[in-house]
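To be precise, the following lines are my_file.cif, and they hold mmCIF, N, CA and C atoms.
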data_upload
loop_
_atom_site.label_atom_id
_atom_site.label_comp_id
_atom_site.auth_asym_id
_atom_site.auth_seq_id
_atom_site.Cartn_x
_atom_site.Cartn_y
_atom_site.Cartn_z
N MET H 141 2.42 -47.75 64.13
CA MET H 141 1.06 -47.33 64.42
C MET H 141 0.99 -45.82 64.28
N ASN H 142 -0.04 -45.35 63.65
CA ASN H 142 -0.22 -43.92 63.41
C ASN H 142 -1.48 -43.41 64.09
N ARG H 143 -1.49 -42.11 64.39
CA ARG H 143 -2.64 -41.47 65.02
C ARG H 143 -3.28 -40.51 64.02
N VAL H 144 -4.61 -40.42 64.08
CA VAL H 144 -5.33 -39.49 63.21
C VAL H 144 -6.56 -38.98 63.96
N GLY H 145 -6.91 -37.72 63.75
CA GLY H 145 -8.16 -37.18 64.27
C GLY H 145 -8.17 -36.69 65.70
N PHE H 146 -7.02 -36.62 66.34
CA PHE H 146 -6.98 -36.16 67.73
C PHE H 146 -6.97 -34.63 67.77
N LEU H 147 -7.79 -34.07 68.65
CA LEU H 147 -7.83 -32.64 68.88
C LEU H 147 -7.23 -32.36 70.25
N LYS H 148 -6.85 -31.14 70.50
CA LYS H 148 -6.38 -30.77 71.83
C LYS H 148 -7.56 -30.79 72.78
N GLU H 149 -7.39 -31.41 73.93
CA GLU H 149 -8.46 -31.47 74.92
C GLU H 149 -7.99 -30.82 76.21
N GLU H 150 -8.91 -30.16 76.87
CA GLU H 150 -8.57 -29.48 78.10
C GLU H 150 -9.77 -29.50 79.03
N LEU H 151 -9.60 -30.09 80.20
CA LEU H 151 -10.66 -30.15 81.21
C LEU H 151 -12.01 -30.61 80.65
N ASP H 152 -12.02 -31.79 80.04
CA ASP H 152 -13.24 -32.40 79.51
C ASP H 152 -13.90 -31.58 78.41
N LYS H 153 -13.16 -30.72 77.77
CA LYS H 153 -13.73 -29.87 76.72
C LYS H 153 -12.83 -29.95 75.51
N VAL H 154 -13.40 -30.13 74.35
CA VAL H 154 -12.61 -30.15 73.12
C VAL H 154 -12.35 -28.71 72.72
N ILE H 155 -11.11 -28.39 72.53
CA ILE H 155 -10.73 -27.05 72.08
C ILE H 155 -10.39 -27.14 70.60
N ILE H 156 -11.08 -26.38 69.78
CA ILE H 156 -10.78 -26.38 68.35
C ILE H 156 -9.60 -25.46 68.14
N VAL H 157 -8.49 -26.03 67.72
CA VAL H 157 -7.30 -25.21 67.49
C VAL H 157 -7.22 -24.86 66.00
N PRO H 158 -6.82 -23.63 65.67
CA PRO H 158 -6.86 -23.15 64.29
C PRO H 158 -6.18 -24.06 63.27
N GLU H 159 -5.03 -24.64 63.62
CA GLU H 159 -4.32 -25.44 62.62
C GLU H 159 -5.08 -26.69 62.21
N ILE H 160 -6.08 -27.10 62.97
CA ILE H 160 -6.88 -28.27 62.59
C ILE H 160 -7.73 -27.95 61.37
N HIS H 161 -8.04 -26.70 61.15
CA HIS H 161 -8.94 -26.31 60.06
C HIS H 161 -8.21 -25.95 58.77
N LEU H 162 -6.94 -26.29 58.65
CA LEU H 162 -6.17 -25.88 57.49
C LEU H 162 -6.18 -26.89 56.36
N GLY H 163 -6.83 -28.02 56.54
CA GLY H 163 -6.79 -29.08 55.54
C GLY H 163 -7.73 -28.86 54.38
N THR H 164 -7.63 -29.77 53.44
CA THR H 164 -8.50 -29.75 52.27
C THR H 164 -9.88 -30.26 52.67
N ILE H 165 -10.91 -29.61 52.16
CA ILE H 165 -12.27 -30.07 52.43
C ILE H 165 -12.51 -31.36 51.66
N LEU H 166 -12.99 -32.38 52.36
CA LEU H 166 -13.30 -33.65 51.69
C LEU H 166 -14.60 -33.49 50.91
N ASP H 167 -14.64 -34.07 49.70
CA ASP H 167 -15.93 -34.06 49.00
C ASP H 167 -16.87 -35.00 49.74
N ASP H 168 -18.16 -34.85 49.50
CA ASP H 168 -19.16 -35.60 50.27
C ASP H 168 -18.97 -37.11 50.19
N ASP H 169 -18.60 -37.62 49.01
CA ASP H 169 -18.42 -39.06 48.84
C ASP H 169 -17.25 -39.57 49.69
N LEU H 170 -16.11 -38.90 49.61
CA LEU H 170 -14.94 -39.32 50.38
C LEU H 170 -15.18 -39.13 51.87
N ARG H 171 -15.86 -38.06 52.24
CA ARG H 171 -16.18 -37.84 53.66
C ARG H 171 -17.03 -38.99 54.19
N GLN H 172 -18.08 -39.39 53.45
CA GLN H 172 -18.95 -40.47 53.92
C GLN H 172 -18.21 -41.80 53.97
N LYS H 173 -17.37 -42.08 52.98
CA LYS H 173 -16.59 -43.32 53.01
C LYS H 173 -15.63 -43.34 54.19
N THR H 174 -15.06 -42.19 54.51
CA THR H 174 -14.15 -42.09 55.64
C THR H 174 -14.90 -42.30 56.94
N ILE H 175 -16.06 -41.67 57.09
CA ILE H 175 -16.89 -41.84 58.29
C ILE H 175 -17.30 -43.30 58.44
N ASP H 176 -17.72 -43.93 57.34
CA ASP H 176 -18.12 -45.34 57.39
C ASP H 176 -16.95 -46.22 57.82
N TYR H 177 -15.75 -45.92 57.29
CA TYR H 177 -14.56 -46.69 57.66
C TYR H 177 -14.27 -46.53 59.15
N LEU H 178 -14.28 -45.29 59.62
CA LEU H 178 -13.99 -45.03 61.03
C LEU H 178 -15.00 -45.71 61.95
N SER H 179 -16.24 -45.80 61.51
CA SER H 179 -17.29 -46.40 62.35
C SER H 179 -17.08 -47.90 62.55
N LYS H 180 -16.25 -48.51 61.72
CA LYS H 180 -15.98 -49.94 61.84
C LYS H 180 -14.78 -50.24 62.74
N GLY H 181 -14.17 -49.18 63.28
CA GLY H 181 -12.99 -49.36 64.13
C GLY H 181 -13.29 -50.17 65.36
N ARG H 182 -12.27 -50.85 65.84
CA ARG H 182 -12.38 -51.67 67.06
C ARG H 182 -11.89 -50.85 68.24
N VAL H 183 -12.59 -50.94 69.33
CA VAL H 183 -12.25 -50.19 70.54
C VAL H 183 -11.04 -50.82 71.21
N ILE H 184 -10.03 -49.98 71.50
CA ILE H 184 -8.90 -50.47 72.29
C ILE H 184 -8.91 -49.87 73.69
N LEU H 185 -9.69 -48.79 73.87
CA LEU H 185 -9.75 -48.16 75.17
C LEU H 185 -11.02 -47.33 75.29
N SER H 186 -11.72 -47.46 76.42
CA SER H 186 -12.90 -46.66 76.71
C SER H 186 -12.67 -45.90 78.00
N TYR H 187 -12.99 -44.63 77.98
CA TYR H 187 -12.87 -43.80 79.17
C TYR H 187 -14.25 -43.62 79.78
N MET H 188 -14.31 -43.36 81.05
CA MET H 188 -15.59 -43.12 81.72
C MET H 188 -15.87 -41.63 81.70
N GLU H 189 -15.90 -41.08 80.50
CA GLU H 189 -16.23 -39.67 80.33
C GLU H 189 -16.87 -39.47 78.97
N ILE H 190 -17.54 -38.36 78.83
CA ILE H 190 -18.21 -38.02 77.58
C ILE H 190 -17.43 -36.91 76.90
N SER H 191 -17.17 -37.06 75.62
CA SER H 191 -16.55 -35.97 74.85
C SER H 191 -17.60 -34.90 74.60
N THR H 192 -17.17 -33.66 74.61
CA THR H 192 -18.07 -32.55 74.31
C THR H 192 -17.49 -31.70 73.20
N ASP H 193 -18.37 -31.01 72.50
CA ASP H 193 -17.88 -30.11 71.45
C ASP H 193 -17.52 -28.76 72.05
N GLU H 194 -17.13 -27.82 71.19
CA GLU H 194 -16.68 -26.51 71.67
C GLU H 194 -17.79 -25.70 72.34
N LEU H 195 -19.05 -26.12 72.16
CA LEU H 195 -20.18 -25.44 72.80
C LEU H 195 -20.63 -26.14 74.08
N GLY H 196 -19.94 -27.25 74.41
CA GLY H 196 -20.30 -28.00 75.61
C GLY H 196 -21.34 -29.07 75.39
N ASN H 197 -21.74 -29.30 74.14
CA ASN H 197 -22.72 -30.34 73.83
C ASN H 197 -22.05 -31.72 73.88
N ASN H 198 -22.77 -32.69 74.44
CA ASN H 198 -22.23 -34.06 74.47
C ASN H 198 -22.11 -34.62 73.07
N ILE H 199 -20.98 -35.29 72.83
CA ILE H 199 -20.75 -35.93 71.53
C ILE H 199 -20.97 -37.43 71.65
N ALA H 200 -20.14 -38.05 72.48
CA ALA H 200 -20.17 -39.51 72.61
C ALA H 200 -19.25 -39.91 73.76
N PRO H 201 -19.38 -41.14 74.22
CA PRO H 201 -18.38 -41.61 75.18
C PRO H 201 -17.00 -41.56 74.51
N LEU H 202 -15.99 -41.19 75.26
CA LEU H 202 -14.65 -41.11 74.69
C LEU H 202 -14.06 -42.51 74.59
N GLU H 203 -13.79 -42.92 73.37
CA GLU H 203 -13.15 -44.21 73.11
C GLU H 203 -12.01 -43.98 72.13
N ILE H 204 -11.04 -44.87 72.18
CA ILE H 204 -9.95 -44.88 71.22
C ILE H 204 -10.16 -46.13 70.37
N LEU H 205 -10.20 -45.91 69.05
CA LEU H 205 -10.49 -47.00 68.11
C LEU H 205 -9.30 -47.24 67.20
N THR H 206 -9.31 -48.40 66.55
CA THR H 206 -8.22 -48.76 65.65
C THR H 206 -8.70 -49.64 64.50
N ASP H 207 -7.88 -49.65 63.46
CA ASP H 207 -8.06 -50.61 62.37
C ASP H 207 -6.87 -51.57 62.34
N GLY H 208 -6.02 -51.46 63.35
CA GLY H 208 -4.81 -52.29 63.41
C GLY H 208 -3.59 -51.56 62.91
N ASN H 209 -3.78 -50.48 62.18
CA ASN H 209 -2.68 -49.67 61.66
C ASN H 209 -2.73 -48.23 62.14
N TRP H 210 -3.92 -47.72 62.35
CA TRP H 210 -4.16 -46.35 62.78
C TRP H 210 -5.02 -46.37 64.04
N VAL H 211 -4.89 -45.34 64.88
CA VAL H 211 -5.78 -45.15 66.03
C VAL H 211 -6.40 -43.76 65.93
N TRP H 212 -7.65 -43.64 66.42
CA TRP H 212 -8.36 -42.36 66.38
C TRP H 212 -9.37 -42.31 67.53
N PRO H 213 -9.73 -41.09 67.94
CA PRO H 213 -10.72 -40.93 68.99
C PRO H 213 -12.14 -41.03 68.43
N SER H 214 -13.08 -41.44 69.27
CA SER H 214 -14.46 -41.59 68.82
C SER H 214 -15.06 -40.28 68.34
N TYR H 215 -14.59 -39.16 68.86
CA TYR H 215 -15.17 -37.87 68.44
C TYR H 215 -14.78 -37.46 67.02
N PHE H 216 -13.79 -38.10 66.44
CA PHE H 216 -13.34 -37.74 65.09
C PHE H 216 -14.49 -37.83 64.09
N GLN H 217 -15.28 -38.89 64.16
CA GLN H 217 -16.43 -39.05 63.25
C GLN H 217 -17.43 -37.92 63.42
N PHE H 218 -17.65 -37.52 64.67
CA PHE H 218 -18.60 -36.44 64.95
C PHE H 218 -18.22 -35.18 64.20
N PHE H 219 -16.94 -34.81 64.27
CA PHE H 219 -16.51 -33.59 63.60
C PHE H 219 -16.53 -33.74 62.08
N LEU H 220 -16.25 -34.93 61.57
CA LEU H 220 -16.36 -35.15 60.12
C LEU H 220 -17.81 -35.03 59.66
N LYS H 221 -18.73 -35.54 60.45
CA LYS H 221 -20.16 -35.45 60.10
C LYS H 221 -20.64 -34.01 60.07
N ARG H 222 -20.03 -33.17 60.88
CA ARG H 222 -20.38 -31.75 60.89
C ARG H 222 -19.79 -31.00 59.70
N LYS H 223 -19.03 -31.71 58.89
CA LYS H 223 -18.41 -31.15 57.68
C LYS H 223 -17.47 -29.99 57.97
N LEU H 224 -16.79 -30.09 59.10
CA LEU H 224 -15.76 -29.10 59.39
C LEU H 224 -14.58 -29.34 58.46
N ASN H 225 -13.85 -28.32 58.19
CA ASN H 225 -12.67 -28.42 57.33
C ASN H 225 -11.49 -28.94 58.15
N LEU H 226 -11.60 -30.20 58.56
CA LEU H 226 -10.54 -30.80 59.36
C LEU H 226 -9.40 -31.26 58.47
N ARG H 227 -8.20 -31.09 58.99
CA ARG H 227 -7.03 -31.59 58.27
C ARG H 227 -6.92 -33.08 58.54
N ILE H 228 -6.98 -33.87 57.50
CA ILE H 228 -6.86 -35.31 57.65
C ILE H 228 -5.57 -35.73 56.96
N ASP H 229 -4.77 -36.45 57.69
CA ASP H 229 -3.47 -36.89 57.20
C ASP H 229 -3.62 -37.57 55.83
N ASP H 230 -2.89 -37.07 54.83
CA ASP H 230 -2.95 -37.68 53.50
C ASP H 230 -2.57 -39.15 53.52
N GLU H 231 -1.65 -39.50 54.40
CA GLU H 231 -1.22 -40.89 54.50
C GLU H 231 -2.40 -41.78 54.93
N PHE H 232 -3.22 -41.27 55.85
CA PHE H 232 -4.40 -42.03 56.29
C PHE H 232 -5.40 -42.18 55.15
N ILE H 233 -5.70 -41.08 54.47
CA ILE H 233 -6.65 -41.14 53.35
C ILE H 233 -6.14 -42.09 52.27
N ASN H 234 -4.85 -42.00 51.94
CA ASN H 234 -4.28 -42.90 50.93
C ASN H 234 -4.34 -44.36 51.38
N PHE H 235 -4.13 -44.58 52.69
CA PHE H 235 -4.18 -45.94 53.23
C PHE H 235 -5.58 -46.53 53.10
N ILE H 236 -6.61 -45.79 53.53
CA ILE H 236 -7.96 -46.36 53.48
C ILE H 236 -8.45 -46.49 52.04
N ARG H 237 -8.01 -45.59 51.17
CA ARG H 237 -8.34 -45.73 49.73
C ARG H 237 -7.71 -47.00 49.17
N SER H 238 -6.44 -47.26 49.53
CA SER H 238 -5.73 -48.43 49.00
C SER H 238 -6.40 -49.73 49.45
N LYS H 239 -7.12 -49.68 50.56
CA LYS H 239 -7.85 -50.84 51.06
C LYS H 239 -9.29 -50.84 50.56
N ASP H 240 -9.60 -49.91 49.67
CA ASP H 240 -10.95 -49.75 49.14
C ASP H 240 -11.97 -49.59 50.28
N PHE H 241 -11.52 -48.91 51.35
CA PHE H 241 -12.35 -48.58 52.51
C PHE H 241 -12.86 -49.83 53.25
N VAL H 242 -12.15 -50.95 53.11
CA VAL H 242 -12.51 -52.19 53.79
C VAL H 242 -11.51 -52.42 54.92
N MET H 243 -12.03 -52.64 56.12
CA MET H 243 -11.18 -52.84 57.29
C MET H 243 -10.93 -54.33 57.50
N ASP H 244 -9.67 -54.67 57.74
CA ASP H 244 -9.30 -56.05 58.03
C ASP H 244 -9.76 -56.44 59.43
N ASP H 245 -9.92 -57.75 59.65
CA ASP H 245 -10.22 -58.25 60.99
C ASP H 245 -8.98 -58.06 61.87
N ILE H 246 -9.21 -57.85 63.16
CA ILE H 246 -8.12 -57.67 64.12
C ILE H 246 -8.31 -58.70 65.22
N SER H 247 -7.25 -59.45 65.50
CA SER H 247 -7.34 -60.47 66.55
C SER H 247 -7.41 -59.82 67.93
N THR H 248 -7.93 -60.57 68.88
CA THR H 248 -8.00 -60.10 70.27
C THR H 248 -6.60 -59.82 70.80
N ASP H 249 -5.65 -60.66 70.46
CA ASP H 249 -4.27 -60.45 70.91
C ASP H 249 -3.70 -59.15 70.36
N LYS H 250 -3.99 -58.85 69.11
CA LYS H 250 -3.51 -57.61 68.50
C LYS H 250 -4.16 -56.41 69.19
N LEU H 251 -5.44 -56.49 69.51
CA LEU H 251 -6.12 -55.40 70.21
C LEU H 251 -5.49 -55.16 71.58
N LYS H 252 -5.18 -56.23 72.29
CA LYS H 252 -4.54 -56.10 73.61
C LYS H 252 -3.16 -55.46 73.47
N GLU H 253 -2.43 -55.86 72.46
CA GLU H 253 -1.11 -55.28 72.21
C GLU H 253 -1.22 -53.77 71.93
N LEU H 254 -2.18 -53.39 71.10
CA LEU H 254 -2.38 -51.98 70.76
C LEU H 254 -2.81 -51.18 71.98
N GLN H 255 -3.66 -51.78 72.82
CA GLN H 255 -4.08 -51.10 74.04
C GLN H 255 -2.87 -50.84 74.93
N HIS H 256 -2.03 -51.84 75.08
CA HIS H 256 -0.81 -51.69 75.89
C HIS H 256 0.08 -50.58 75.33
N LEU H 257 0.29 -50.58 74.02
CA LEU H 257 1.12 -49.54 73.41
C LEU H 257 0.52 -48.15 73.60
N TYR H 258 -0.79 -48.04 73.44
CA TYR H 258 -1.44 -46.75 73.60
C TYR H 258 -1.32 -46.25 75.05
N LEU H 259 -1.59 -47.12 76.00
CA LEU H 259 -1.52 -46.74 77.40
C LEU H 259 -0.11 -46.35 77.84
N ASN H 260 0.88 -46.92 77.17
CA ASN H 260 2.27 -46.60 77.48
C ASN H 260 2.82 -45.50 76.57
N LYS H 261 1.91 -44.81 75.90
CA LYS H 261 2.24 -43.64 75.06
C LYS H 261 3.26 -43.96 73.98
N LYS H 262 3.18 -45.18 73.45
CA LYS H 262 4.07 -45.56 72.37
C LYS H 262 3.40 -45.40 71.02
N ILE H 263 2.11 -45.05 71.02
CA ILE H 263 1.40 -44.70 69.79
C ILE H 263 0.53 -43.50 70.09
#

Rewrite the structure from the file as structure tokens, please.
Amino acid sequence: MNRVGFLKEELDKVIIVPEIHLGTILDDDLRQKTIDYLSKGRVILSYMEISTDELGNNIAPLEILTDGNWVWPSYFQFFLKRKLNLRIDDEFINFIRSKDFVMDDISTDKLKELQHLYLNKKI
């Protein structure tokens, strides 16, 4: 299981760290396909808190999502929509391209397993 899109968080505030902005800028088509793919993720964990951006604006409820192979935070899509120059793992981009941006179904048992692994910091 791989992680993508996590930012450093501190006291309910997202801190934009410089190394996050070192990646290649996604062209608009790939950015939209990536956002669409991420939006289809299945929730493995929901927190009772709201993610905020660096200005303190509410983004969304904090959730951890998955496609069965990768996990990402709900705020990842927000930052991609803002067209920030976020570094996105090439392995993740290559993976979703290889699937033609189509997400496989995930069984309830698999979701429970991933939740357990995430909570026990094994992913």

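Picture a line from atom CA of Tyr177 of chain H to atom CA of Ile233 of chain H; it runs 10.6 Å.
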
Target residues per the PyMOL selection byres ((chain H and resi 190) around 6.5), formatted as JSON, numbers by chain: {"H": [187, 188, 189, 191, 192, 198, 199, 200, 201, 202]}

Strand (DSSP E or B) residues, from DSSP on the backbone, in chain H, as number ranges by chain: H: 142-143, 148-150, 153-155, 182-192, 198-206, 210-213

Residues near Ile175 of chain H, cut-off 8 Å, all atoms listed in the file, skip fewer than 5 positions along chain, as a PyMOL selection string: chain H and resi 169-170+180+216-218+220-221

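Our summary of the geometry notes that atom CA of Ile184 of chain H is positioned 6.9 Å from atom CA of Leu254 of chain H.
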
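In this structure, atom C of Asp193 of chain H sits 13.6 Å away from atom CA of Phe146 of chain H.
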
The PyMOL selection byres ((chain H and resi 241-245) around 8) applied to the shown file, residues as an mmCIF file with N, CA and C atoms, in the frame of the given file:
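Saved to selection_0.cif:
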data_model
loop_
_atom_site.group_PDB
_atom_site.id
_atom_site.type_symbol
_atom_site.label_atom_id
_atom_site.label_comp_id
_atom_site.auth_asym_id
_atom_site.auth_seq_id
_atom_site.Cartn_x
_atom_site.Cartn_y
_atom_site.Cartn_z
ATOM 1 N N LYS H 173 -17.370 -42.080 52.980
ATOM 2 C CA LYS H 173 -16.590 -43.320 53.010
ATOM 3 C C LYS H 173 -15.630 -43.340 54.190
ATOM 4 N N THR H 174 -15.060 -42.190 54.510
ATOM 5 C CA THR H 174 -14.150 -42.090 55.640
ATOM 6 C C THR H 174 -14.900 -42.300 56.940
ATOM 7 N N ASP H 176 -17.720 -43.930 57.340
ATOM 8 C CA ASP H 176 -18.120 -45.340 57.390
ATOM 9 C C ASP H 176 -16.950 -46.220 57.820
ATOM 10 N N TYR H 177 -15.750 -45.920 57.290
ATOM 11 C CA TYR H 177 -14.560 -46.690 57.660
ATOM 12 C C TYR H 177 -14.270 -46.530 59.150
ATOM 13 N N LEU H 178 -14.280 -45.290 59.620
ATOM 14 C CA LEU H 178 -13.990 -45.030 61.030
ATOM 15 C C LEU H 178 -15.000 -45.710 61.950
ATOM 16 N N LYS H 180 -16.250 -48.510 61.720
ATOM 17 C CA LYS H 180 -15.980 -49.940 61.840
ATOM 18 C C LYS H 180 -14.780 -50.240 62.740
ATOM 19 N N GLY H 181 -14.170 -49.180 63.280
ATOM 20 C CA GLY H 181 -12.990 -49.360 64.130
ATOM 21 C C GLY H 181 -13.290 -50.170 65.360
ATOM 22 N N ASP H 207 -7.880 -49.650 63.460
ATOM 23 C CA ASP H 207 -8.060 -50.610 62.370
ATOM 24 C C ASP H 207 -6.870 -51.570 62.340
ATOM 25 N N GLY H 208 -6.020 -51.460 63.350
ATOM 26 C CA GLY H 208 -4.810 -52.290 63.410
ATOM 27 C C GLY H 208 -3.590 -51.560 62.910
ATOM 28 N N PHE H 235 -4.130 -44.580 52.690
ATOM 29 C CA PHE H 235 -4.180 -45.940 53.230
ATOM 30 C C PHE H 235 -5.580 -46.530 53.100
ATOM 31 N N ILE H 236 -6.610 -45.790 53.530
ATOM 32 C CA ILE H 236 -7.960 -46.360 53.480
ATOM 33 C C ILE H 236 -8.450 -46.490 52.040
ATOM 34 N N ARG H 237 -8.010 -45.590 51.170
ATOM 35 C CA ARG H 237 -8.340 -45.730 49.730
ATOM 36 C C ARG H 237 -7.710 -47.000 49.170
ATOM 37 N N SER H 238 -6.440 -47.260 49.530
ATOM 38 C CA SER H 238 -5.730 -48.430 49.000
ATOM 39 C C SER H 238 -6.400 -49.730 49.450
ATOM 40 N N LYS H 239 -7.120 -49.680 50.560
ATOM 41 C CA LYS H 239 -7.850 -50.840 51.060
ATOM 42 C C LYS H 239 -9.290 -50.840 50.560
ATOM 43 N N ASP H 240 -9.600 -49.910 49.670
ATOM 44 C CA ASP H 240 -10.950 -49.750 49.140
ATOM 45 C C ASP H 240 -11.970 -49.590 50.280
ATOM 46 N N ILE H 246 -9.210 -57.850 63.160
ATOM 47 C CA ILE H 246 -8.120 -57.670 64.120
ATOM 48 C C ILE H 246 -8.310 -58.700 65.220
ATOM 49 N N SER H 247 -7.250 -59.450 65.500
ATOM 50 C CA SER H 247 -7.340 -60.470 66.550
ATOM 51 C C SER H 247 -7.410 -59.820 67.930
ATOM 52 N N THR H 248 -7.930 -60.570 68.880
ATOM 53 C CA THR H 248 -8.000 -60.100 70.270
ATOM 54 C C THR H 248 -6.600 -59.820 70.800
#

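The set of residues in segment 207-247 of chain H assigned to alpha helix (DSSP H) by DSSP, using only backbone atoms of this structure, is Tyr215, Phe216, Gln217, Phe218, Phe219, Leu220, Lys221, Asp230, Glu231, Phe232, Ile233, Asn234, Phe235, Ile236, Arg237 and Ser238 of chain H.
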
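Distances from H:Asn197, H:Gln255, H:Asn209, H:Asn142 to Val183 of chain H were compared using all atoms listed in the file, and the smallest one belongs to H:Gln255.
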
Selection under test: the PyMOL selection byres ((chain H and resi 143) around 7); residues as a ChimeraX atom specification: /H:141-142,144-146,209-212,263
